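First up is the structure itself, then whatever we jot down about it.
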Amino acid sequence: MNATRKAIAAFVAATAVGLLTRLYPFVSIPADGVVVTGGLLLGAGLWLLGCYYGYVSTRN
């Protein structure tokens with residue numbers, strides 16, 4: 001898997017995690033703040049990973 005595909009996969013995963021995390025409080029009663037915070041942190045980490053692989057892809 002080349003860097004471009006890794007970047008796209010990381011951005012897709014980050015978007016999915018972010019959307020699911022934001023929907024969590026609406027489907028779970030009560031909403032646990034740890035899950036929401038952890039999900040947003042995971043999404044942010046995946047987004048940064050996508051940025052890194054995008055940078056590597058354009059550099060090569």
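If you're wondering about the labels, chains in the structure tokens are A, B, ... by order shown, residues count from 1 in each chain, ligands from 1 in order shown.
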
Mind checking which residues fall within 10 Å of Val56 of chain A, counting only C-alpha atoms, ignoring those fewer than 2 positions away in the same chain, and posting them as a count of residues only?
-> 12

Please provide the set of residues having any atom within 8 Å of Leu40 of chain A, restricted to only C-alpha atoms, with same-chain residues fewer than 5 positions apart removed, written as a PyMOL selection string.
-> chain A and resi 17-18+21

Output C-alpha atoms for every residue in the selection just made, as a compact mmCIF listing (two decimals), in the first residue's frame.
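Final file, again04.txt:
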```txt
# COMPACT_ATOMS: atom_id res chain seq x y z
CA VAL A 17 -14.66 7.83 13.87
CA GLY A 18 -15.49 11.52 14.20
CA THR A 21 -18.35 9.79 18.10
```

Tell me which protein, DNA and RNA residues are within 6 Å of segment 11-15 of chain A, counting only C-alpha atoms, leaving out same-chain ones fewer than 5 positions away, and put them as a ChimeraX atom specification.
-> /A:43,46-47,50

Between A:Tyr55, A:Leu23, A:Leu48, A:Leu41, which is the closest to Ala10 of chain A once you count only C-alpha atoms?
->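 Looking only at the distances to Ala10 of chain A, the closest residue turns out to be A:Leu48.
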